[in-house]
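Trainee: So I've got this file, target28.cif, and it contains mmCIF, C-alpha atoms:
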data_structure
#
loop_
_atom_site.label_atom_id
_atom_site.label_comp_id
_atom_site.auth_asym_id
_atom_site.auth_seq_id
_atom_site.Cartn_x
_atom_site.Cartn_y
_atom_site.Cartn_z
CA MET C 154 -10.66 15.56 11.96
CA SER C 155 -14.35 14.82 12.16
CA ASP C 156 -16.03 11.70 10.82
CA GLY C 157 -17.61 13.87 8.16
CA GLU C 158 -14.20 15.04 6.96
CA ILE C 159 -12.92 11.46 6.94
CA ASN C 160 -15.79 10.11 4.85
CA SER C 161 -16.81 13.04 2.65
CA PRO C 162 -16.01 12.62 -1.10
CA LEU C 163 -13.50 15.15 -2.43
CA LEU C 164 -12.72 15.85 -6.08
CA GLN C 165 -9.00 15.92 -6.83
CA SER C 166 -6.96 16.30 -9.99
CA ALA C 167 -3.36 15.91 -11.17
CA PRO C 168 -1.58 16.59 -14.46
CA LEU C 169 -0.44 13.56 -16.42
CA PRO C 170 3.31 13.33 -17.12
CA GLU C 171 4.08 14.35 -20.70
CA THR C 172 5.71 10.97 -21.35
CA TRP C 173 2.27 9.35 -20.99
CA ALA C 174 0.49 11.73 -23.35
CA ASP C 175 0.67 9.55 -26.47
CA ARG C 176 -0.94 6.57 -24.78
CA ALA C 177 -3.55 8.80 -23.14
CA ARG C 178 -4.50 10.29 -26.51
CA ALA C 179 -4.69 6.81 -28.06
CA HIS C 180 -7.01 5.69 -25.29
CA LEU C 181 -9.34 8.64 -25.86
CA ASP C 182 -9.27 7.84 -29.61
CA GLY C 183 -10.33 4.28 -28.84
CA THR C 184 -7.17 2.66 -30.21
CA VAL C 185 -5.68 1.61 -26.85
CA THR C 186 -7.39 -0.31 -24.07
CA GLY C 187 -5.63 -1.37 -20.88
CA PRO C 188 -5.69 -4.92 -19.46
CA VAL C 189 -7.90 -6.24 -16.67
CA PRO C 190 -6.45 -5.00 -13.34
CA GLN C 191 -4.43 -7.40 -11.21
CA HIS C 192 -5.21 -7.50 -7.50
CA ALA C 193 -2.58 -6.04 -5.19
CA ALA C 194 -2.07 -4.73 -1.66
CA THR C 195 0.14 -2.04 -0.16
CA VAL C 196 0.82 -0.72 3.35
CA LEU C 197 1.56 2.81 4.54
CA LEU C 198 3.81 2.16 7.53
CA LEU C 199 3.88 4.87 10.23
CA ARG C 200 6.04 5.51 13.28
CA ASP C 201 6.07 8.21 15.97
CA ARG C 202 9.09 10.42 16.57
CA PRO C 203 9.60 13.51 18.78
CA GLY C 204 9.49 15.71 15.69
CA GLY C 205 6.23 14.19 14.50
CA MET C 206 4.79 11.12 12.82
CA GLU C 207 6.83 9.66 9.95
CA ALA C 208 5.94 7.46 6.97
CA TYR C 209 8.10 4.78 5.35
CA LEU C 210 8.68 5.28 1.62
CA LEU C 211 10.57 3.33 -1.02
CA ARG C 212 11.87 4.88 -4.23
CA ARG C 213 11.34 2.37 -7.01
CA ALA C 214 14.54 1.53 -8.89
CA ALA C 215 15.07 2.95 -12.37
CA SER C 216 15.07 -0.61 -13.73
CA MET C 217 11.46 -1.26 -12.67
CA ALA C 218 8.91 -1.65 -15.47
CA PHE C 219 6.19 0.12 -13.49
CA ALA C 220 6.56 3.59 -11.89
CA ALA C 221 10.37 3.61 -12.05
CA GLY C 222 11.83 6.39 -9.90
CA PHE C 223 8.55 7.01 -8.11
CA HIS C 224 8.11 6.93 -4.34
CA ALA C 225 5.76 4.23 -3.05
CA PHE C 226 4.83 2.13 -0.04
CA PRO C 227 5.79 -1.54 0.40
CA GLY C 228 3.37 -3.67 -1.60
CA GLY C 229 2.77 -5.78 -4.66
CA LYS C 230 0.57 -8.24 -6.51
CA LEU C 231 -1.31 -11.06 -4.84
CA ASP C 232 0.52 -14.37 -5.04
CA PRO C 233 -1.59 -17.50 -5.66
CA ARG C 234 -0.41 -18.86 -2.31
CA ASP C 235 -1.81 -15.82 -0.51
CA THR C 236 -5.14 -17.65 -0.79
CA GLU C 237 -4.02 -20.57 1.42
CA LEU C 238 -6.56 -21.26 4.14
CA THR C 239 -4.03 -22.59 6.66
CA VAL C 240 -2.63 -19.20 7.64
CA GLY C 241 -2.86 -18.59 11.40
CA TRP C 242 -5.15 -15.66 12.14
CA ALA C 243 -5.85 -13.18 14.94
CA GLY C 244 -7.91 -10.02 14.88
CA PRO C 245 -10.88 -9.08 12.68
CA SER C 246 -11.99 -12.05 10.61
CA PRO C 247 -11.84 -12.35 6.81
CA GLU C 248 -15.62 -11.86 6.87
CA VAL C 249 -15.18 -8.48 8.57
CA TRP C 250 -12.46 -7.49 6.12
CA GLY C 251 -14.65 -8.62 3.23
CA GLU C 252 -17.34 -6.20 4.33
CA ARG C 253 -14.74 -3.46 4.58
CA PHE C 254 -13.44 -3.94 1.05
CA ASP C 255 -16.73 -5.14 -0.47
CA CYS C 256 -15.41 -8.56 -1.47
CA ASP C 257 -15.83 -12.17 -0.41
CA PRO C 258 -13.98 -13.38 2.74
CA ALA C 259 -11.56 -15.57 0.78
CA HIS C 260 -10.37 -12.61 -1.29
CA ALA C 261 -10.18 -10.42 1.81
CA ARG C 262 -7.96 -13.03 3.49
CA ALA C 263 -5.70 -13.03 0.43
CA LEU C 264 -5.46 -9.22 0.49
CA LEU C 265 -4.35 -9.26 4.14
CA CYS C 266 -1.85 -12.03 3.46
CA ALA C 267 -0.44 -10.13 0.50
CA ALA C 268 -0.18 -6.92 2.54
CA VAL C 269 1.64 -8.67 5.39
CA ARG C 270 3.88 -10.72 3.07
CA GLU C 271 4.87 -7.80 0.85
CA THR C 272 5.64 -5.57 3.84
CA TYR C 273 7.88 -8.27 5.28
CA GLU C 274 9.57 -8.93 1.94
CA GLU C 275 10.26 -5.25 1.23
CA SER C 276 10.97 -3.83 4.70
CA GLY C 277 11.55 -6.72 7.12
CA VAL C 278 8.52 -5.66 9.18
CA LEU C 279 6.19 -8.53 10.11
CA PHE C 280 2.64 -8.11 11.43
CA ALA C 281 2.51 -11.42 13.29
CA GLY C 282 2.91 -12.81 16.78
CA PRO C 283 2.51 -15.95 18.91
CA ASP C 284 -1.07 -14.93 19.77
CA GLU C 285 -3.58 -12.10 19.54
CA ARG C 286 -1.88 -10.15 22.35
CA SER C 287 1.74 -10.16 21.19
CA VAL C 288 3.89 -9.42 18.16
CA VAL C 289 7.38 -10.54 17.17
CA ALA C 290 9.84 -7.95 18.45
CA ASP C 291 12.88 -8.48 16.22
CA THR C 292 13.13 -9.81 12.67
CA THR C 293 16.74 -8.88 11.89
CA GLY C 294 18.54 -12.16 12.65
CA ASP C 295 20.04 -14.47 10.04
CA ASP C 296 17.21 -16.98 10.46
CA TRP C 297 14.61 -14.27 9.84
CA GLU C 298 16.51 -13.06 6.79
CA ALA C 299 16.51 -16.60 5.42
CA ASP C 300 12.74 -16.72 5.86
CA ARG C 301 12.31 -13.36 4.13
CA LEU C 302 14.40 -14.46 1.18
CA ALA C 303 12.41 -17.71 0.97
CA LEU C 304 9.24 -15.65 0.61
CA VAL C 305 10.83 -13.41 -2.01
CA GLY C 306 12.02 -16.46 -3.95
CA HIS C 307 8.64 -18.25 -3.67
CA ALA C 308 10.30 -21.12 -1.80
CA CYS C 309 7.60 -20.92 0.87
CA SER C 310 4.28 -19.20 1.47
CA LEU C 311 3.32 -16.83 4.27
CA ALA C 312 1.11 -19.56 5.75
CA GLU C 313 4.05 -21.98 5.78
CA LEU C 314 6.39 -19.45 7.38
CA LEU C 315 3.93 -18.51 10.11
CA GLY C 316 2.99 -22.14 10.74
CA ARG C 317 6.60 -23.25 11.15
CA ARG C 318 7.25 -20.44 13.64
CA ALA C 319 3.91 -20.97 15.46
CA LEU C 320 2.79 -17.42 14.65
CA VAL C 321 -0.55 -15.92 13.67
CA LEU C 322 -1.20 -13.04 11.28
CA ARG C 323 -2.26 -10.00 13.35
CA SER C 324 -4.95 -8.48 11.16
CA ASP C 325 -5.82 -6.06 13.97
CA LEU C 326 -2.49 -4.27 13.46
CA LEU C 327 -3.65 -2.98 10.08
CA THR C 328 -6.57 -0.82 9.09
CA GLY C 329 -8.17 -0.60 5.67
CA TRP C 330 -7.72 2.86 4.13
CA SER C 331 -8.71 2.90 0.47
CA ARG C 332 -8.88 0.98 -2.78
CA TRP C 333 -7.40 2.34 -5.99
CA ILE C 334 -7.90 0.99 -9.52
CA THR C 335 -5.38 2.00 -12.18
CA PRO C 336 -6.86 4.15 -15.02
CA GLU C 337 -8.02 2.22 -18.07
CA PHE C 338 -5.44 3.67 -20.47
CA GLU C 339 -2.38 2.34 -18.62
CA ALA C 340 -0.52 -0.72 -19.88
CA ARG C 341 -0.15 -2.14 -16.34
CA ARG C 342 -3.27 -1.99 -14.20
CA TYR C 343 -3.86 -2.89 -10.57
CA ASP C 344 -6.80 -3.04 -8.19
CA THR C 345 -4.95 -2.22 -4.99
CA ALA C 346 -6.11 -2.38 -1.39
CA PHE C 347 -4.37 0.31 0.69
CA PHE C 348 -3.74 -0.37 4.38
CA VAL C 349 -2.23 1.76 7.15
CA ALA C 350 -0.27 0.31 10.07
CA ALA C 351 2.08 1.39 12.83
CA LEU C 352 5.60 0.01 13.11
CA PRO C 353 5.38 -2.79 15.74
CA ALA C 354 7.34 -2.16 18.95
CA GLY C 355 10.86 -3.60 18.77
CA GLN C 356 10.88 -3.96 14.99
CA ARG C 357 12.66 -1.73 12.49
CA ALA C 358 12.18 -1.24 8.79
CA ARG C 359 15.23 -2.13 6.71
CA ASP C 360 16.27 -1.27 3.18
CA VAL C 361 16.02 -4.83 1.87
CA SER C 362 13.80 -4.42 -1.19
CA GLY C 363 15.48 -5.39 -4.43
CA GLU C 364 12.92 -3.21 -6.20
CA ALA C 365 13.99 0.08 -4.60
CA ASP C 366 17.14 2.19 -4.66
CA GLN C 367 16.22 4.20 -1.56
CA ALA C 368 14.16 3.70 1.60
CA VAL C 369 13.45 6.55 4.02
CA TRP C 370 11.37 7.54 7.02
CA VAL C 371 10.01 11.02 6.42
CA ARG C 372 7.25 13.27 7.72
CA PRO C 373 4.31 13.23 5.29
CA ALA C 374 4.21 17.03 5.01
CA THR C 375 7.93 17.13 4.18
CA VAL C 376 7.81 14.64 1.32
CA LEU C 377 4.56 16.13 0.02
CA ALA C 378 6.29 19.51 -0.23
CA GLU C 379 9.09 17.83 -2.20
CA HIS C 380 6.47 16.20 -4.40
CA GLU C 381 4.74 19.51 -5.12
CA ALA C 382 8.14 20.98 -6.03
CA GLY C 383 8.72 18.16 -8.52
CA ARG C 384 11.54 16.53 -6.56
CA ALA C 385 9.70 13.47 -5.22
CA PRO C 386 7.63 11.80 -7.96
CA MET C 387 4.57 9.88 -6.75
CA LEU C 388 1.53 8.36 -8.35
CA PRO C 389 -1.79 9.93 -7.24
CA PRO C 390 -2.68 7.08 -4.81
CA THR C 391 0.58 7.53 -2.90
CA ALA C 392 0.36 11.32 -2.66
CA THR C 393 -3.35 11.24 -1.80
CA THR C 394 -2.82 8.67 0.95
CA LEU C 395 0.00 10.71 2.46
CA ARG C 396 -2.17 13.84 2.41
CA SER C 397 -4.95 11.96 4.17
CA VAL C 398 -2.69 11.07 7.14
CA ALA C 399 -0.56 14.23 7.25
CA GLY C 400 -2.89 16.00 9.68
CA PHE C 401 -2.82 13.32 12.38
CA ALA C 402 -0.65 13.86 15.44
CA ASN C 403 0.49 10.27 15.76
CA ALA C 404 0.08 6.77 14.35
CA ALA C 405 -2.56 5.73 16.88
CA GLU C 406 -4.74 8.69 15.87
CA ALA C 407 -4.41 7.78 12.19
CA LEU C 408 -5.27 4.12 12.83
CA ALA C 409 -8.31 5.07 14.90
CA ALA C 410 -9.53 7.29 12.06
CA GLY C 411 -8.90 4.51 9.58
CA ARG C 412 -11.29 2.21 11.36
CA GLU C 413 -14.04 4.76 10.69
CA ARG C 414 -13.20 5.36 7.05
CA VAL C 415 -15.47 4.22 4.26
CA VAL C 416 -13.39 2.29 1.72
CA ARG C 417 -14.56 3.35 -1.74
CA PRO C 418 -13.06 2.19 -5.05
CA VAL C 419 -11.18 5.10 -6.60
CA VAL C 420 -10.75 5.09 -10.39
CA PRO C 421 -8.95 8.16 -11.76
CA ARG C 422 -10.54 9.32 -15.02
CA LEU C 423 -8.60 10.74 -17.94
CA ARG C 424 -9.43 14.28 -19.12
CA GLU C 425 -7.97 16.36 -21.94
CA ALA C 426 -7.92 20.09 -21.25
CA GLU C 427 -8.52 22.75 -23.91
CA ASP C 428 -4.79 23.42 -24.12
CA GLY C 429 -4.10 19.77 -25.01
CA ARG C 430 -2.71 18.74 -21.64
CA PHE C 431 -4.03 15.61 -19.94
CA PHE C 432 -5.26 15.34 -16.37
CA LEU C 433 -6.47 12.61 -14.06
CA ASP C 434 -9.56 13.41 -11.98
CA TRP C 435 -10.78 11.31 -9.08
CA VAL C 436 -12.97 11.40 -6.01
CA VAL C 437 -11.83 10.17 -2.59
#
Before anything else, please render the file you have as structure tokens.
Mentor:
Amino acid sequence: MSDGEINSPLLQSAPLPETWADRARAHLDGTVTGPVPQHAATVLLLRDRPGGMEAYLLRRAASMAFAAGFHAFPGGKLDPRDTELTVGWAGPSPEVWGERFDCDPAHARALLCAAVRETYEESGVLFAGPDERSVVADTTGDDWEADRLALVGHACSLAELLGRRALVLRSDLLTGWSRWITPEFEARRYDTAFFVAALPAGQRARDVSGEADQAVWVRPATVLAEHEAGRAPMLPPTATTLRSVAGFANAAEALAAGRERVVRPVVPRLREAEDGRFFLDWVV
């Protein structure tokens, strides 16, 4: 892929599920307005295998209030404690990340903390190490599981966990990919920073998320084919992100391309077709 292909805007569109049609019509009529988006972060985790690069996907449990049954990446809302300034840090500074996501350094720091915390909470993968040259190699022991559950239960913050273990957040292990803002008609709205990262050597993703009923490693092209056939539901940000990495030969190639990407806010716009169906249109 050339830099031009990576950064060139591209118009895309997707049909809206019929179950959302009533709210979409009410929004166009001016009777429904969505809330202010909450800030969130999510991480597309990649690994290399002989058969090709694979992505880690969770299928959100049927009990979830948002996107139940849909495939997604580990991620979630910012926690107030993600803003703590005491978190150990290595790699590009919050100032650099702020320029990348067009926000102030404090918010950029919180986005990285949320991305790292949520990935650890939902997959057991931790982007941290003793210094800027190393990363923890195994997070599957009972003591690590206790730390993960403490994060999930809000008994400690990421900064506290890293500080107690003398670790620093490795911001260089992630690359900023995109930023998606939920359409205005939806009842739950998020302003989500999308990151891409490779599975650290020695670590393994585990099905530990209480919010998912399935966790799989799968080639992007394979799950996208299932999605197109209607067997793997995904929201547009998930499918679009997978399409954008599907052509890379390995995780290192995808991460290198990510460092050259322009992060633009993407806001899908609602459109009603002449036949009465609703579509979302967006530019990436």
Trainee: Dump as a tab-separated table the rows for residues of range 212-328 of chain C within 8 Å of range 400-419 of chain C: closest atom pair and distance in Å with one decimal, all atoms listed in the file counted, ordered by chain and rising residue number.
Mentor:
residue	atom	partner	partner_atom	distance
C:Arg253	CA	C:Val416	CA	6.6
C:Phe254	CA	C:Val416	CA	6.3
C:Leu327	CA	C:Leu408	CA	7.8
C:Thr328	CA	C:Gly411	CA	5.8
Trainee: Counting only C-alpha atoms, give me one row per residue of range 283-367 of chain C with an atom at most 10 Å from an atom of range 200-204 of chain C, showing the shortest contact pair and its distance in Å to one decimal, sorted by chain then residue number, as CSV.
Mentor:
residue,atom,partner,partner_atom,distance
C:Ala350,CA,C:Arg200,CA,8.8
C:Ala351,CA,C:Arg200,CA,5.7
C:Leu352,CA,C:Arg200,CA,5.5
C:Pro353,CA,C:Arg200,CA,8.7
C:Ala354,CA,C:Arg200,CA,9.6
C:Arg357,CA,C:Arg200,CA,9.8
Trainee: What's the 9 Å shell around range 374-382 of chain C, counting all atoms listed in the file, without same-chain residues fewer than 5 positions away, as a VMD selection string?
Mentor: chain C and resid 387 392 395 to 396 399 to 400
Trainee: When you look at Arg424 in chain C with a cut-off of 12 Å (counting all atoms listed in the file), what residues show up, excluding the ones that are within fewer than 3 positions of it in the same chain? I need them as an NGL selection string.
Mentor: :C and (166-169 or 174 or 177-178 or 180-181 or 336 or 338 or 421 or 427-435)
Trainee: Can you write just those residues out, C-alpha atoms, as a PDB file, in the frame of the given file?
Mentor:
ATOM      1  CA  SER C 166      -6.960  16.300  -9.990  1.00  0.00           C
ATOM      2  CA  ALA C 167      -3.360  15.910 -11.170  1.00  0.00           C
ATOM      3  CA  PRO C 168      -1.580  16.590 -14.460  1.00  0.00           C
ATOM      4  CA  LEU C 169      -0.440  13.560 -16.420  1.00  0.00           C
ATOM      5  CA  ALA C 174       0.490  11.730 -23.350  1.00  0.00           C
ATOM      6  CA  ALA C 177      -3.550   8.800 -23.140  1.00  0.00           C
ATOM      7  CA  ARG C 178      -4.500  10.290 -26.510  1.00  0.00           C
ATOM      8  CA  HIS C 180      -7.010   5.690 -25.290  1.00  0.00           C
ATOM      9  CA  LEU C 181      -9.340   8.640 -25.860  1.00  0.00           C
ATOM     10  CA  PRO C 336      -6.860   4.150 -15.020  1.00  0.00           C
ATOM     11  CA  PHE C 338      -5.440   3.670 -20.470  1.00  0.00           C
ATOM     12  CA  PRO C 421      -8.950   8.160 -11.760  1.00  0.00           C
ATOM     13  CA  GLU C 427      -8.520  22.750 -23.910  1.00  0.00           C
ATOM     14  CA  ASP C 428      -4.790  23.420 -24.120  1.00  0.00           C
ATOM     15  CA  GLY C 429      -4.100  19.770 -25.010  1.00  0.00           C
ATOM     16  CA  ARG C 430      -2.710  18.740 -21.640  1.00  0.00           C
ATOM     17  CA  PHE C 431      -4.030  15.610 -19.940  1.00  0.00           C
ATOM     18  CA  PHE C 432      -5.260  15.340 -16.370  1.00  0.00           C
ATOM     19  CA  LEU C 433      -6.470  12.610 -14.060  1.00  0.00           C
ATOM     20  CA  ASP C 434      -9.560  13.410 -11.980  1.00  0.00           C
ATOM     21  CA  TRP C 435     -10.780  11.310  -9.080  1.00  0.00           C
TER      22      TRP C 435
END
Trainee: Which one of C:Gln367, C:Thr195, C:Gln356, C:Thr172 sits closest to Trp333 in chain C if you count only C-alpha atoms?
Mentor: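 Among C:Gln367, C:Thr195, C:Gln356, C:Thr172, it is C:Thr195 that comes nearest to Trp333 in chain C.
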Trainee: Translate the PyMOL selection byres ((chain C and resi 233-246) around 6) into a concrete residue list for this structure, as a list of chain:residue names.
Mentor: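 Output from the PyMOL selection byres ((chain C and resi 233-246) around 6), applied to this file: C:Asp232, C:Pro247, C:Glu248, C:Val249, C:Ala263, C:Cys266, C:Ala267, C:Glu285, C:Ala312, C:Val321, C:Leu322, C:Arg323, C:Ser324, C:Asp325.
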Trainee: Filtering to C-alpha atoms, could you give me those residues as a PDB file, in the coordinates of the input?
Mentor:
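The resulting file, part-v6.pdb, is shown below:
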ATOM      1  CA  ASP C 232       0.520 -14.370  -5.040  1.00  0.00           C
ATOM      2  CA  PRO C 247     -11.840 -12.350   6.810  1.00  0.00           C
ATOM      3  CA  GLU C 248     -15.620 -11.860   6.870  1.00  0.00           C
ATOM      4  CA  VAL C 249     -15.180  -8.480   8.570  1.00  0.00           C
ATOM      5  CA  ALA C 263      -5.700 -13.030   0.430  1.00  0.00           C
ATOM      6  CA  CYS C 266      -1.850 -12.030   3.460  1.00  0.00           C
ATOM      7  CA  ALA C 267      -0.440 -10.130   0.500  1.00  0.00           C
ATOM      8  CA  GLU C 285      -3.580 -12.100  19.540  1.00  0.00           C
ATOM      9  CA  ALA C 312       1.110 -19.560   5.750  1.00  0.00           C
ATOM     10  CA  VAL C 321      -0.550 -15.920  13.670  1.00  0.00           C
ATOM     11  CA  LEU C 322      -1.200 -13.040  11.280  1.00  0.00           C
ATOM     12  CA  ARG C 323      -2.260 -10.000  13.350  1.00  0.00           C
ATOM     13  CA  SER C 324      -4.950  -8.480  11.160  1.00  0.00           C
ATOM     14  CA  ASP C 325      -5.820  -6.060  13.970  1.00  0.00           C
TER      15      ASP C 325
END
Trainee: Restricting the calculation to only C-alpha atoms, which member of C:Met206, C:Ala340, C:Ala358, C:Leu199 is positioned closest to Leu326 in chain C?
Mentor: C:Leu199
Trainee: Just to confirm, what's the straight-line distance from CA of Pro227 in chain C to CA of Leu302 in chain C in Å (one decimal)?
Mentor: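 Distance reported for this atom pair: 15.5 Å.
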Trainee: Let me know the residues the PyMOL selection byres ((chain C and resi 300) around 10) catches in the file above, as a list in words.
Mentor: Tyr273, Glu274, Thr292, Asp295, Asp296, Trp297, Glu298, Ala299, Arg301, Leu302, Ala303, Leu304, Val305, Gly306, Ala308, Cys309, Ser310, Leu311, Leu314 and Leu315 of chain C
Trainee: Between CA of Gly316 in chain C and CA of Thr345 in chain C, what is the spacing in Å?
Mentor: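 Distance reported for this atom pair: 26.6 Å.
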Trainee: Kindly complete range 164-194 of chain C to N, CA and C atoms; the output should be written as a CSV table (one decimal), in the frame of the given file.
Mentor:
chain,number,residue,atom,x,y,z
C,164,LEU,N,-13.2,15.9,-4.7
C,164,LEU,CA,-12.7,15.8,-6.1
C,164,LEU,C,-11.3,16.3,-6.1
C,165,GLN,N,-10.4,15.5,-6.7
C,165,GLN,CA,-9.0,15.9,-6.8
C,165,GLN,C,-8.6,15.7,-8.3
C,166,SER,N,-7.4,16.4,-8.6
C,166,SER,CA,-7.0,16.3,-10.0
C,166,SER,C,-5.4,16.4,-10.0
C,167,ALA,N,-4.8,15.8,-11.0
C,167,ALA,CA,-3.4,15.9,-11.2
C,167,ALA,C,-3.0,15.9,-12.6
C,168,PRO,N,-2.0,16.6,-13.1
C,168,PRO,CA,-1.6,16.6,-14.5
C,168,PRO,C,-0.9,15.3,-14.8
C,169,LEU,N,-1.1,14.8,-16.0
C,169,LEU,CA,-0.4,13.6,-16.4
C,169,LEU,C,1.0,13.9,-16.9
C,170,PRO,N,2.0,13.1,-16.6
C,170,PRO,CA,3.3,13.3,-17.1
C,170,PRO,C,3.3,13.3,-18.7
C,171,GLU,N,4.1,14.2,-19.2
C,171,GLU,CA,4.1,14.4,-20.7
C,171,GLU,C,4.5,13.1,-21.4
C,172,THR,N,5.3,12.2,-20.7
C,172,THR,CA,5.7,11.0,-21.4
C,172,THR,C,4.6,10.0,-21.5
C,173,TRP,N,3.4,10.2,-20.9
C,173,TRP,CA,2.3,9.4,-21.0
C,173,TRP,C,1.2,9.9,-21.9
C,174,ALA,N,1.5,11.1,-22.5
C,174,ALA,CA,0.5,11.7,-23.4
C,174,ALA,C,0.1,10.9,-24.6
C,175,ASP,N,1.0,10.3,-25.3
C,175,ASP,CA,0.7,9.6,-26.5
C,175,ASP,C,-0.3,8.4,-26.2
C,176,ARG,N,0.0,7.7,-25.1
C,176,ARG,CA,-0.9,6.6,-24.8
C,176,ARG,C,-2.3,7.1,-24.3
C,177,ALA,N,-2.3,8.2,-23.6
C,177,ALA,CA,-3.6,8.8,-23.1
C,177,ALA,C,-4.4,9.2,-24.3
C,178,ARG,N,-3.8,9.8,-25.3
C,178,ARG,CA,-4.5,10.3,-26.5
C,178,ARG,C,-5.0,9.1,-27.3
C,179,ALA,N,-4.2,8.0,-27.4
C,179,ALA,CA,-4.7,6.8,-28.1
C,179,ALA,C,-5.9,6.2,-27.4
C,180,HIS,N,-5.9,6.3,-26.0
C,180,HIS,CA,-7.0,5.7,-25.3
C,180,HIS,C,-8.3,6.5,-25.6
C,181,LEU,N,-8.2,7.8,-25.6
C,181,LEU,CA,-9.3,8.6,-25.9
C,181,LEU,C,-9.8,8.4,-27.3
C,182,ASP,N,-8.9,8.1,-28.2
C,182,ASP,CA,-9.3,7.8,-29.6
C,182,ASP,C,-9.9,6.4,-29.8
C,183,GLY,N,-9.8,5.6,-28.8
C,183,GLY,CA,-10.3,4.3,-28.8
C,183,GLY,C,-9.4,3.3,-29.4
C,184,THR,N,-8.1,3.6,-29.6
C,184,THR,CA,-7.2,2.7,-30.2
C,184,THR,C,-6.3,1.9,-29.2
C,185,VAL,N,-6.4,2.3,-27.9
C,185,VAL,CA,-5.7,1.6,-26.8
C,185,VAL,C,-6.6,1.3,-25.7
C,186,THR,N,-6.6,0.1,-25.2
C,186,THR,CA,-7.4,-0.3,-24.1
C,186,THR,C,-6.5,-1.1,-23.1
C,187,GLY,N,-6.5,-0.7,-21.9
C,187,GLY,CA,-5.6,-1.4,-20.9
C,187,GLY,C,-6.1,-2.8,-20.5
C,188,PRO,N,-5.3,-3.6,-19.9
C,188,PRO,CA,-5.7,-4.9,-19.5
C,188,PRO,C,-6.6,-4.9,-18.2
C,189,VAL,N,-7.1,-6.1,-17.9
C,189,VAL,CA,-7.9,-6.2,-16.7
C,189,VAL,C,-7.0,-6.0,-15.5
C,190,PRO,N,-7.3,-5.3,-14.5
C,190,PRO,CA,-6.4,-5.0,-13.3
C,190,PRO,C,-6.1,-6.3,-12.6
C,191,GLN,N,-4.9,-6.3,-12.1
C,191,GLN,CA,-4.4,-7.4,-11.2
C,191,GLN,C,-4.6,-6.9,-9.8
C,192,HIS,N,-5.0,-7.9,-8.9
C,192,HIS,CA,-5.2,-7.5,-7.5
C,192,HIS,C,-3.9,-7.3,-6.8
C,193,ALA,N,-3.8,-6.3,-5.9
C,193,ALA,CA,-2.6,-6.0,-5.2
C,193,ALA,C,-2.9,-5.4,-3.8
C,194,ALA,N,-1.9,-5.3,-3.0
C,194,ALA,CA,-2.1,-4.7,-1.7
C,194,ALA,C,-0.8,-3.9,-1.3
